[in-house]
Structures are given as C-alpha cells and as structure tokens.
Amino acid sequence: MGLFEMTKTVLRNLAGGPVTRRYPAVPARTSPITRGHVVFDPATCRSCGICSKRCPCVALHLDKEAKIWEIDRMRCIACGDCVESCPFGSLTMEQDYLPPTVEHVVDRYTITYVKPERPAKKPAEEGADA
Amino acid sequence: MPERIVVPFGPQHPVLPEPIHIDLVLEDELVVDAVPSIGYIHRGLEQLVQKREYPEYVYVAERICGICSFMHALCYCQGIEHIMGIEVPDRSRYLRTIWAEYSRLHSHLLWLGLFADGMGFENLFMRSWQLRERVLDVSEDTTGGRIIQSTCKVGGVRRDIGQEMLDKMHRGLDIFEEECRDLGNVFLNDETVKYRLQGLGVISKEEAYALGSAGPTLRGSGVASDQRETGYAAYGELGYKAVVETAGDCYARCAVRVRELYSSIDIIRRAIEEIPEGPIDVKVRGTPDGEYFSRVEQPRGEVVHYLLGNGTKHLARARIRTPTLANVPALVKMLPGAQLADVPIVVLSIDPCISCTER
C-alpha cells in the first residue's frame with residue numbers, strides 16, 4: 001500500500017532526538033583535520049613570502065621591510081594551501097571556527113623572528129681566506 | 001481564447017536556492033510559454049585563470065559551485081594532468097572516486113530534500129537532509145571540510161584516508177544504504193508523491209537529446225549517457241552502467257536520482273574494498289602547454305572544462321560548460337502545458353545550479 005510508506009520513518013524519528021546541535025551554544029562538530037582558521041606564529045616566520053604568493057584569494061600580505069604579516073579573515077577561504085607550503089611551520093590550521101564579526105578588520109602581526117648571528121670565523125680560517 | 005498574462009517567477013522564490021528568472025506566459029493558470037533569463041550572480045571565475053597560477057586555480061574551481069565542488073576540482077585537475085602528461089597514482093584515482101561519489105550522495109540527498117519541500121512534503125524534506133548530515137560528517141572526517149573538500153590537486157590528492165577510517169566508512173554504508181532505501185521507497189512508491197509527479201513536465205527522448213540536456217534530465221528521458229562509463233578516475237576498473245528511466249517526467253528524473261544514490265553507495269563500497277596501496281600524489285614540474293576538453297559526470301550532469309595553456313604558469317583560457325546551462329533549454333520545453341502551481345516542481349526537477357551556470 002503506497003499511502004503509508006513514510007510511517008515507519010516517522011515513528012522511528014519520534015523516538016530519536018534531533019540530529020543537529022544548537023550551535024553556538026554547543027560547540028560545532030569538528031574532526032582533527034577540520035579546516036577552521038589559520039594561526040600564525042610570528043616567532044618562526046622568516047619572511048620568505050611563499051604563503052602570500054600562493055594564496056588563491058589574496059588574503060595574505062607580507063611587508064618584508066616593515067616585518068608585518070597580515071591576514072584578511074574575510075577573504076581567507078581556509079583552503080590550507082599556505083599551511084602546506086610554509087617551509088618553516090609558521091602557519092597551522094586550527095579546528096574551531098572564528099566567531100562572526102561585523103567589522104572588516106585585517107589581522108596584523110609583527111614578525112619577531114631574529115636571524116641568529118653567524119658564529120665568528122676562527123682566526124685560522126681568516127688567515128686561509130687571505 | 002483567454003487573455004494572456006506574464007507572471008515573473010524568481011529570481012527570489014521560496015523553492016529556488018539560487019537566482020534564476022523565468023517569465024511565464026499564462027492563459028488562465030496554464031503555462032503556454034517560458035522565457036528564462038540569468039545573470040544575477042556572475043563572478044568572473046573563468047577569467048581568474050589569468051591571475052592565479054594553475055595549481056592554485058584548483059581552489060577557485062572548487063568554489064564555482066558549493067555542491068559539486070569536488071567534481072569541478074577533479075575535472076580541472078584531470079584536464080591539466082592530461083595536458084602535462086601526468087600519470088596520477090592508482091590510490092589517488094580511487095580516493096578521488098570515493099570523494100566524488102560522496103559528493104554525489106550529498107548533492108542528490110540535498111536535491112531530494114528540496115524537491116520534497118517543493119512538493120510540500122516537509123517530513124520527507126527533513127528526513128533527506130538528516131541522511132545528508134551523515135555524508136557530510138564522513139566528508140569532514142576524511143577531508144577537513146563538510147562541503148568544500150579541497151583535497152584534489154594537480155598530480156593526485158592532498159590527503160590519504162587511513163585503513164581504519166576506510167573500514168569505518170564501509171561499515172557505515174550498510175546502515176546508510178538501508179536508510180536510503182527507506183527514503184527512496186517513499187519517493188518511488190508513495191501514492192501522494194506519484195500523483196504529484198507522474199506525467200508532469202514531460203520531455204521525450206528525441207527532444208532531450210536534440211536540446212543537448214545532460215545528467216538525470218537526459219537519463220530520465222531514456223538516453224543512457226553517463227560520463228562515468230568513459231572510465232575516468234577509477235570508474236574504468238570499478239565499472240559503471242548508467243541509470244536510465246524512460247518516462248521523461250518529473251517522477252522519472254526523481255527516480256534516476258534515487259537509484260543513483262544506490263549505485264553511488266555500491267561504487268564507494270567496491271572502491272573501498274579494491275583500493276590499492278601506494279603513493280597518493282606525484283611531483284608536478286613544468287607548465288601546461290596545450291589544450292584539452294576535460295569531461296566529468298557531476299550530480300547534475302556532464303561538466304566540460306576547456307583548458308588552454310600557453311606554457312606559462314597562468315592558463316590562457318578556461319571555459320566551463322556546466323550541466324544546468326545545458327538543461328535550461330529542456331526546462332523551457334517542459335514548462336508549456338504545466339499548471340502555474342506545478343511550475344516550482346518542474347523547475348526543481350532539472351536541479352538548477354545557477355552559481356555553476358554563471359560562474
């Protein structure tokens with residue numbers, strides 16, 4: 001009989017609870033590899049600029065002179081390309097989503113990485129160079 | 001003869017998730033002609049190939065459409081790989097197939113829900129989306145994104161799925177298939193659904209073929225045309241036979257999609273069983289120089305990416321023919337003869353994706 005095909009499902013659903021959750025009161029479901037948002041570590045960035053070159057939506061900007069690294073969260077699509085391409089591990093992908101905002105603000109970081117000084121050459125080597 | 005009036009349908013309409021405008025020419029309540037117009041959400045994504053390097057354009061290609069995102073990336077990557085002569089590893093081909101079929105599952109479940117909503121069957125709508133949530137969870141666990149997977153890249157895939165996860169997915173499919181069959185039974189056997197859909201928006205086999213329609217619209221009219229039969233990705237090894245219905249009405253198009261749910265589950269199951277071990281990507285060197293028409297079967301039909309490389313990092317041209325564009329002429333043919341109250345159902349039956357169409 002084709003009139004009561006849905007009845008079984010309806011009865012089953014009456015017994016079960018809702019499948020969705022009350023986000024943001026309850027945290028969103030994430031997995032360990034969820035692409036939530038990009039996190040920048042200013043202490044390890046060596047200003048190579050690969051991330052800003054590869055970003056498909058031009059959300060990243062690097063000013064090598066002023067040592068400023070910027071991310072426009074409203075442009076970022078969390079594809080993870082910058083995280084994959086960063087040779088120094090300065091970028092990581094966190095799982096949770098950022099809260100919604102009402103203003104267009106660009107996150108700006110000052111790079112604090114200091115290039116370690118080269119060890120002073122030994123006198124013997126200097127002599128050899130000369 | 002009754003007076004003719006023109007009623008605008010869309011671009012904002014409760015059944016339309018995306019903006020398409022149709023001018024309906026009516027005689028009383030009967031549609032006698034339909035004039036579609038698009039152009040509300042053109043974003044210029046094709047031209048971006050000249051500004052983004054070819055490996056990065058994959059992420060742009062994925063965002064052409066929110067539902068068939070993986071297939072757009074797959075189609076683009078296959079085109080670039082063909083131009084550059086890259087042979088992708090076997091494991092990545094299987095992984096691409098698995099993700100592509102999960103995308104199809106969630107797209108068809110989304111459409112079935114919207115279709116039930118269009119019919120006024122709210123309970124069925126909620127049930128379809130309830131099942132879709134299960135597919136999205138798998139997608140998030142394996143790729144990191146619910147809808148936009150971002151796992152396809154030129155030369156392979158970006159992520160692997162561990163054996164433990166594959167086993168879990170395989171186990172989950174058994175229960176999921178049972179629930180999908182319960183859902184499909186409502187769509188295919190319920191008298192109210194049949195009464196609403198049968199004989200509505202009929203398009204014959206010859207007309208559907210001549211108007212160049214694609215996907216379930218074409219297969220619902222009895223033309224066995226499915227790009228998966230050409231054997232891209234791992235479909236060659238897994239084998240696939242197109243799902244065909246012959247009636248050509250809304251019910252037939254719905255039945256094609258319901259039966260494609262089952263066939264997708266079957267393909268995923270066999271792909272998980274047969275997936276070979278090995279690397280998931282190859283190193284890509286050089287730049288594309290040449291042209292290629294890449295074709296992939298999306299949930300809505302066949303998508304064509306025409307790619308022209310000129311030996312630089314930026315492609316010279318990309319042209320994307322999406323299935324909805326191919327199905328709009330068929331829609332214009334379906335509408336005359338329908339009652340005004342049935343127009344939303346007929347429009348939904350081609351599964352219009354306007355973001356794809358306008359890019």
# chains A, B, ... in the order shown; residues from 1 in each chain; ligands from 1

$ residues_around --residues "A:Phe40" --least-positions-apart "6" --cutoff "8 Å" --atoms "only C-alpha atoms" --output "PyMOL selection string"
chain A and resi 90-92

$ interface_residues --of "chain A" --to "chain B" --cutoff "12 Å" --atoms "only C-alpha atoms" --output "short mmCIF file (atom, residue, chain, number, x, y, z; two decimals) with N, CA and C atoms, in the first residue's frame"
data_model
loop_
_atom_site.label_atom_id
_atom_site.label_comp_id
_atom_site.auth_asym_id
_atom_site.auth_seq_id
_atom_site.Cartn_x
_atom_site.Cartn_y
_atom_site.Cartn_z
N MET A 1 0.85 -1.20 0.00
CA MET A 1 0.00 0.00 0.00
C MET A 1 0.88 1.24 0.00
N GLY A 2 0.70 2.08 -0.96
CA GLY A 2 1.62 3.20 -1.14
C GLY A 2 1.29 4.45 -0.35
N LEU A 3 0.33 4.38 0.58
CA LEU A 3 -0.04 5.61 1.27
C LEU A 3 0.72 5.82 2.57
N PHE A 4 1.25 4.74 3.12
CA PHE A 4 1.89 4.86 4.43
C PHE A 4 3.37 4.51 4.39
N GLU A 5 4.03 4.81 3.28
CA GLU A 5 5.46 4.50 3.14
C GLU A 5 6.31 5.24 4.18
N MET A 6 5.86 6.42 4.55
CA MET A 6 6.67 7.27 5.43
C MET A 6 6.48 6.92 6.91
N THR A 7 5.43 6.12 7.20
CA THR A 7 5.04 5.90 8.61
C THR A 7 6.19 5.33 9.43
N LYS A 8 6.90 4.35 8.86
CA LYS A 8 7.99 3.70 9.60
C LYS A 8 9.04 4.73 10.04
N THR A 9 9.42 5.58 9.09
CA THR A 9 10.43 6.60 9.38
C THR A 9 9.91 7.60 10.41
N VAL A 10 8.65 7.97 10.28
CA VAL A 10 8.07 8.95 11.21
C VAL A 10 8.10 8.39 12.63
N LEU A 11 7.69 7.14 12.78
CA LEU A 11 7.67 6.53 14.11
C LEU A 11 9.07 6.45 14.69
N ARG A 12 10.04 6.09 13.82
CA ARG A 12 11.42 5.99 14.29
C ARG A 12 11.93 7.36 14.73
N ASN A 13 11.58 8.39 13.97
CA ASN A 13 12.04 9.74 14.30
C ASN A 13 11.42 10.28 15.58
N LEU A 14 10.20 9.84 15.88
CA LEU A 14 9.56 10.29 17.11
C LEU A 14 10.34 9.83 18.32
N GLY A 16 13.69 9.13 18.35
CA GLY A 16 15.05 9.70 18.40
C GLY A 16 15.02 11.20 18.59
N GLY A 17 16.15 11.77 19.02
CA GLY A 17 16.26 13.22 19.19
C GLY A 17 16.66 13.88 17.89
N PRO A 18 16.84 15.21 17.91
CA PRO A 18 17.28 15.90 16.70
C PRO A 18 18.73 15.55 16.33
N VAL A 19 19.04 15.59 15.04
CA VAL A 19 20.41 15.25 14.61
C VAL A 19 21.33 16.46 14.60
N THR A 20 20.74 17.65 14.61
CA THR A 20 21.58 18.85 14.60
C THR A 20 21.83 19.32 16.03
N ARG A 21 22.81 20.18 16.21
CA ARG A 21 23.09 20.68 17.56
C ARG A 21 22.91 22.18 17.60
N ALA A 28 30.54 23.43 17.61
CA ALA A 28 30.30 22.73 16.35
C ALA A 28 31.08 21.42 16.33
N ARG A 29 30.55 20.46 15.58
CA ARG A 29 31.24 19.18 15.45
C ARG A 29 32.48 19.38 14.58
N THR A 30 33.62 18.98 15.07
CA THR A 30 34.84 19.09 14.27
C THR A 30 35.57 17.76 14.28
N SER A 31 36.45 17.57 13.32
CA SER A 31 37.31 16.39 13.33
C SER A 31 38.74 16.89 13.49
N PRO A 32 39.71 16.01 13.75
CA PRO A 32 41.09 16.50 13.94
C PRO A 32 41.66 17.20 12.71
N ILE A 33 41.05 17.00 11.53
CA ILE A 33 41.60 17.66 10.35
C ILE A 33 40.70 18.77 9.82
N THR A 34 39.70 19.15 10.59
CA THR A 34 38.80 20.22 10.14
C THR A 34 39.59 21.50 9.86
N ARG A 35 39.27 22.12 8.74
CA ARG A 35 39.95 23.38 8.40
C ARG A 35 39.13 24.53 8.97
N GLY A 36 39.52 24.98 10.17
CA GLY A 36 38.78 26.05 10.84
C GLY A 36 39.33 27.42 10.50
N HIS A 37 40.49 27.75 11.07
CA HIS A 37 41.12 29.01 10.72
C HIS A 37 42.64 28.88 10.83
N CYS A 51 53.76 31.99 1.27
CA CYS A 51 52.32 31.93 1.60
C CYS A 51 51.54 32.97 0.83
N SER A 52 52.05 34.21 0.82
CA SER A 52 51.28 35.27 0.16
C SER A 52 51.28 35.10 -1.35
N LYS A 53 52.34 34.47 -1.91
CA LYS A 53 52.36 34.23 -3.35
C LYS A 53 51.36 33.15 -3.73
N ARG A 54 51.22 32.14 -2.88
CA ARG A 54 50.37 31.01 -3.25
C ARG A 54 48.91 31.21 -2.91
N CYS A 55 48.59 32.11 -2.01
CA CYS A 55 47.19 32.26 -1.56
C CYS A 55 46.27 32.52 -2.75
N PRO A 56 45.30 31.63 -3.01
CA PRO A 56 44.46 31.80 -4.19
C PRO A 56 43.48 32.96 -4.09
N CYS A 57 43.27 33.50 -2.88
CA CYS A 57 42.29 34.59 -2.78
C CYS A 57 42.91 35.87 -2.27
N VAL A 58 44.25 35.96 -2.34
CA VAL A 58 44.98 37.18 -1.97
C VAL A 58 44.57 37.67 -0.58
N CYS A 76 39.99 35.02 3.47
CA CYS A 76 40.57 33.67 3.61
C CYS A 76 39.48 32.61 3.46
N ILE A 77 39.78 31.59 2.62
CA ILE A 77 38.80 30.53 2.39
C ILE A 77 39.22 29.25 3.11
N ALA A 78 40.26 29.33 3.93
CA ALA A 78 40.74 28.18 4.71
C ALA A 78 40.98 26.95 3.84
N CYS A 79 41.65 27.16 2.69
CA CYS A 79 41.95 26.01 1.83
C CYS A 79 43.14 25.24 2.37
N GLY A 80 44.00 25.92 3.13
CA GLY A 80 45.14 25.24 3.73
C GLY A 80 46.37 25.20 2.85
N ASP A 81 46.35 25.90 1.74
CA ASP A 81 47.50 25.89 0.83
C ASP A 81 48.71 26.54 1.48
N CYS A 82 48.51 27.64 2.21
CA CYS A 82 49.63 28.33 2.86
C CYS A 82 50.24 27.45 3.94
N GLU A 84 50.31 24.22 4.01
CA GLU A 84 51.09 23.16 3.37
C GLU A 84 52.40 23.68 2.82
N SER A 85 52.37 24.93 2.32
CA SER A 85 53.56 25.40 1.61
C SER A 85 54.58 26.05 2.53
N MET A 93 46.78 25.08 11.03
CA MET A 93 45.33 25.17 10.86
C MET A 93 44.67 24.70 12.15
N GLU A 94 43.89 25.59 12.75
CA GLU A 94 43.15 25.21 13.96
C GLU A 94 41.77 24.71 13.57
N GLN A 95 41.18 23.89 14.42
CA GLN A 95 39.92 23.23 14.06
C GLN A 95 38.68 24.09 14.27
N ASP A 96 38.72 24.99 15.26
CA ASP A 96 37.48 25.71 15.56
C ASP A 96 37.28 26.90 14.62
N TYR A 97 36.01 27.23 14.39
CA TYR A 97 35.67 28.35 13.52
C TYR A 97 35.72 29.64 14.33
#

$ residues_around --residues "B:Ser264" --least-positions-apart "6" --cutoff "12 Å" --atoms "only C-alpha atoms" --output "PyMOL selection string"
chain B and resi 97-109+135+173+176-177+180+228+235+238-243+256-258+270-271+299

$ write_last_selection --atoms "C-alpha atoms" --output "CSV table (one decimal), in the first residue's frame"
chain,number,residue,atom,x,y,z
B,97,THR,CA,36.3,8.3,-6.9
B,98,ILE,CA,35.3,7.8,-3.3
B,99,TRP,CA,35.1,11.5,-2.6
B,100,ALA,CA,33.3,12.2,-5.9
B,101,GLU,CA,30.6,9.7,-5.0
B,102,TYR,CA,30.2,11.0,-1.5
B,103,SER,CA,29.7,14.4,-3.2
B,104,ARG,CA,27.1,12.9,-5.4
B,105,LEU,CA,25.3,11.4,-2.4
B,106,HIS,CA,25.1,14.6,-0.6
B,107,SER,CA,24.1,16.5,-3.7
B,108,HIS,CA,21.3,14.1,-4.5
B,109,LEU,CA,20.1,14.0,-0.9
B,135,VAL,CA,27.5,12.0,4.4
B,173,LEU,CA,27.5,2.2,4.4
B,176,PHE,CA,23.2,4.1,5.4
B,177,GLU,CA,22.1,2.1,2.4
B,180,CYS,CA,18.5,5.4,1.9
B,228,ARG,CA,31.4,7.7,-15.7
B,235,TYR,CA,35.4,4.1,-12.8
B,238,LEU,CA,35.1,-0.4,-11.0
B,239,GLY,CA,32.8,-0.4,-14.0
B,240,TYR,CA,29.6,1.6,-14.2
B,241,LYS,CA,26.4,1.4,-16.0
B,242,ALA,CA,24.1,4.4,-16.4
B,243,VAL,CA,20.8,4.5,-14.5
B,256,VAL,CA,17.0,8.4,-11.6
B,257,ARG,CA,18.4,10.3,-8.7
B,258,VAL,CA,17.1,7.9,-6.1
B,270,ARG,CA,33.6,-1.5,-4.1
B,271,ALA,CA,36.2,1.3,-4.3
B,299,PRO,CA,25.4,15.1,-9.9

$ atom_distance --atom1 "atom CA of B:Leu340" --atom2 "atom CA of B:Ala247"
21.8 Å

$ residues_around --residues "A:Cys45" --least-positions-apart "2" --cutoff "12 Å" --atoms "only C-alpha atoms" --output "short mmCIF file (atom, residue, chain, number, x, y, z; two decimals) with N, CA and C atoms, in the first residue's frame"
data_model
loop_
_atom_site.label_atom_id
_atom_site.label_comp_id
_atom_site.auth_asym_id
_atom_site.auth_seq_id
_atom_site.Cartn_x
_atom_site.Cartn_y
_atom_site.Cartn_z
N VAL A 39 46.40 29.92 11.87
CA VAL A 39 47.07 30.57 13.00
C VAL A 39 48.52 30.84 12.61
N PHE A 40 48.98 32.04 12.92
CA PHE A 40 50.32 32.47 12.52
C PHE A 40 51.24 32.57 13.74
N ASP A 41 52.45 32.09 13.57
CA ASP A 41 53.43 32.19 14.65
C ASP A 41 54.52 33.19 14.25
N PRO A 42 54.49 34.42 14.79
CA PRO A 42 55.45 35.45 14.35
C PRO A 42 56.89 35.13 14.73
N ALA A 43 57.06 34.23 15.69
CA ALA A 43 58.42 33.98 16.17
C ALA A 43 59.23 33.11 15.22
N SER A 47 59.92 35.46 6.69
CA SER A 47 59.55 36.42 5.64
C SER A 47 59.90 35.94 4.24
N CYS A 48 59.71 34.66 3.96
CA CYS A 48 60.03 34.17 2.61
C CYS A 48 58.95 34.59 1.62
N GLY A 49 57.71 34.75 2.09
CA GLY A 49 56.64 35.24 1.23
C GLY A 49 55.96 34.19 0.37
N ILE A 50 56.30 32.90 0.57
CA ILE A 50 55.67 31.85 -0.24
C ILE A 50 54.17 31.81 0.00
N CYS A 51 53.76 31.99 1.27
CA CYS A 51 52.32 31.93 1.60
C CYS A 51 51.54 32.97 0.83
N LEU A 62 52.47 40.28 2.97
CA LEU A 62 53.70 40.34 3.75
C LEU A 62 54.49 41.58 3.35
N LYS A 64 58.02 42.82 3.80
CA LYS A 64 59.32 42.34 4.27
C LYS A 64 60.11 43.42 5.02
N LYS A 67 58.44 44.16 8.34
CA LYS A 67 58.26 42.90 9.07
C LYS A 67 56.82 42.75 9.58
N ILE A 68 55.90 43.01 8.68
CA ILE A 68 54.48 42.91 9.02
C ILE A 68 53.86 41.78 8.19
N TRP A 69 53.10 40.92 8.86
CA TRP A 69 52.36 39.86 8.16
C TRP A 69 50.89 40.05 8.46
N CYS A 86 54.21 26.43 3.75
CA CYS A 86 55.15 27.13 4.63
C CYS A 86 56.33 26.22 4.98
N PRO A 87 57.56 26.59 4.58
CA PRO A 87 58.70 25.70 4.83
C PRO A 87 59.18 25.72 6.28
N PHE A 88 58.72 26.68 7.07
CA PHE A 88 59.23 26.81 8.45
C PHE A 88 58.19 26.46 9.50
N GLY A 89 57.04 26.02 9.07
CA GLY A 89 56.00 25.62 10.02
C GLY A 89 55.42 26.77 10.82
N SER A 90 55.44 27.97 10.25
CA SER A 90 54.91 29.13 10.99
C SER A 90 53.40 29.19 10.95
N LEU A 91 52.79 28.47 9.99
CA LEU A 91 51.34 28.52 9.86
C LEU A 91 50.75 27.16 10.24
N THR A 92 49.70 27.21 11.01
CA THR A 92 48.99 25.97 11.36
C THR A 92 47.50 26.20 11.18
N TYR A 109 50.24 41.13 12.25
CA TYR A 109 51.23 40.60 13.19
C TYR A 109 52.59 41.20 12.85
N THR A 110 53.37 41.49 13.89
CA THR A 110 54.75 41.93 13.67
C THR A 110 55.66 40.72 13.84
N ILE A 111 56.43 40.48 12.82
CA ILE A 111 57.30 39.29 12.84
C ILE A 111 58.43 39.52 13.84
N THR A 112 58.57 38.59 14.76
CA THR A 112 59.58 38.77 15.81
C THR A 112 60.79 37.86 15.61
N TYR A 113 60.80 37.16 14.49
CA TYR A 113 61.92 36.24 14.26
C TYR A 113 63.23 37.02 14.10
N VAL A 114 64.24 36.61 14.82
CA VAL A 114 65.54 37.26 14.71
C VAL A 114 66.51 36.26 14.12
N LYS A 115 67.16 36.69 13.07
CA LYS A 115 68.12 35.79 12.41
C LYS A 115 69.29 35.54 13.35
#

$ select_by_dssp --residues "chain A" --states "alpha helix (DSSP H)" --output "PyMOL selection string"
chain A and resi 7-15+50-54+81-85+123-129

$ closest_residue --among "A:Pro99, A:Glu65, A:Ala59, A:Glu70" --to "A:Tyr23" --atoms "only C-alpha atoms"
A:Pro99

$ atom_distance --atom1 "atom CA of B:Glu178" --atom2 "atom CA of B:Glu245"
22.3 Å

$ select_by_dssp --residues "chain A" --states "strand (DSSP E or B)" --output "list in words"
His37, Val38, Val39, Phe40, Leu60, His61, Leu62, Asp63, Ile68, Trp69, Glu70, Ile71, Asp72, Leu91, Thr92, Met93, Glu94, Val106, Asp107, Arg108, Tyr109 and Thr110 of chain A

$ write_last_selection --atoms "N, CA and C atoms" --output "mmCIF file, in the first residue's frame"
data_model
loop_
_atom_site.group_PDB
_atom_site.id
_atom_site.type_symbol
_atom_site.label_atom_id
_atom_site.label_comp_id
_atom_site.auth_asym_id
_atom_site.auth_seq_id
_atom_site.Cartn_x
_atom_site.Cartn_y
_atom_site.Cartn_z
ATOM 1 N N HIS A 37 40.491 27.752 11.068
ATOM 2 C CA HIS A 37 41.121 29.015 10.724
ATOM 3 C C HIS A 37 42.640 28.885 10.825
ATOM 4 N N VAL A 38 43.322 29.802 10.133
ATOM 5 C CA VAL A 38 44.784 29.764 10.062
ATOM 6 C C VAL A 38 45.373 30.520 11.247
ATOM 7 N N VAL A 39 46.398 29.923 11.870
ATOM 8 C CA VAL A 39 47.068 30.571 13.003
ATOM 9 C C VAL A 39 48.522 30.837 12.607
ATOM 10 N N PHE A 40 48.981 32.041 12.921
ATOM 11 C CA PHE A 40 50.323 32.473 12.518
ATOM 12 C C PHE A 40 51.236 32.573 13.736
ATOM 13 N N LEU A 60 46.519 36.991 2.133
ATOM 14 C CA LEU A 60 47.736 37.181 2.929
ATOM 15 C C LEU A 60 48.593 38.265 2.306
ATOM 16 N N HIS A 61 49.204 39.057 3.178
ATOM 17 C CA HIS A 61 50.091 40.105 2.679
ATOM 18 C C HIS A 61 51.311 40.197 3.591
ATOM 19 N N LEU A 62 52.466 40.284 2.969
ATOM 20 C CA LEU A 62 53.704 40.342 3.748
ATOM 21 C C LEU A 62 54.486 41.583 3.353
ATOM 22 N N ASP A 63 54.857 42.360 4.360
ATOM 23 C CA ASP A 63 55.729 43.512 4.117
ATOM 24 C C ASP A 63 57.093 43.163 4.699
ATOM 25 N N ILE A 68 55.904 43.008 8.680
ATOM 26 C CA ILE A 68 54.475 42.907 9.022
ATOM 27 C C ILE A 68 53.860 41.780 8.194
ATOM 28 N N TRP A 69 53.104 40.923 8.862
ATOM 29 C CA TRP A 69 52.363 39.856 8.163
ATOM 30 C C TRP A 69 50.889 40.051 8.459
ATOM 31 N N GLU A 70 50.093 40.088 7.381
ATOM 32 C CA GLU A 70 48.660 40.373 7.558
ATOM 33 C C GLU A 70 47.808 39.261 6.975
ATOM 34 N N ILE A 71 46.678 39.021 7.609
ATOM 35 C CA ILE A 71 45.698 38.093 7.033
ATOM 36 C C ILE A 71 44.316 38.743 7.093
ATOM 37 N N ASP A 72 43.663 38.720 5.936
ATOM 38 C CA ASP A 72 42.298 39.247 5.852
ATOM 39 C C ASP A 72 41.350 38.061 6.039
ATOM 40 N N LEU A 91 52.794 28.473 9.994
ATOM 41 C CA LEU A 91 51.344 28.516 9.858
ATOM 42 C C LEU A 91 50.751 27.163 10.236
ATOM 43 N N THR A 92 49.698 27.211 11.006
ATOM 44 C CA THR A 92 48.992 25.974 11.360
ATOM 45 C C THR A 92 47.498 26.197 11.175
ATOM 46 N N MET A 93 46.781 25.084 11.032
ATOM 47 C CA MET A 93 45.334 25.169 10.860
ATOM 48 C C MET A 93 44.672 24.702 12.146
ATOM 49 N N GLU A 94 43.893 25.595 12.748
ATOM 50 C CA GLU A 94 43.151 25.210 13.958
ATOM 51 C C GLU A 94 41.771 24.709 13.568
ATOM 52 N N VAL A 106 41.583 43.628 9.393
ATOM 53 C CA VAL A 106 42.679 42.784 8.921
ATOM 54 C C VAL A 106 43.578 42.465 10.118
ATOM 55 N N ASP A 107 43.807 41.173 10.353
ATOM 56 C CA ASP A 107 44.680 40.788 11.467
ATOM 57 C C ASP A 107 46.128 41.085 11.087
ATOM 58 N N ARG A 108 46.826 41.820 11.937
ATOM 59 C CA ARG A 108 48.187 42.234 11.619
ATOM 60 C C ARG A 108 49.151 41.724 12.685
ATOM 61 N N TYR A 109 50.239 41.134 12.251
ATOM 62 C CA TYR A 109 51.227 40.605 13.186
ATOM 63 C C TYR A 109 52.593 41.203 12.853
ATOM 64 N N THR A 110 53.369 41.487 13.892
ATOM 65 C CA THR A 110 54.747 41.929 13.672
ATOM 66 C C THR A 110 55.659 40.719 13.841
#
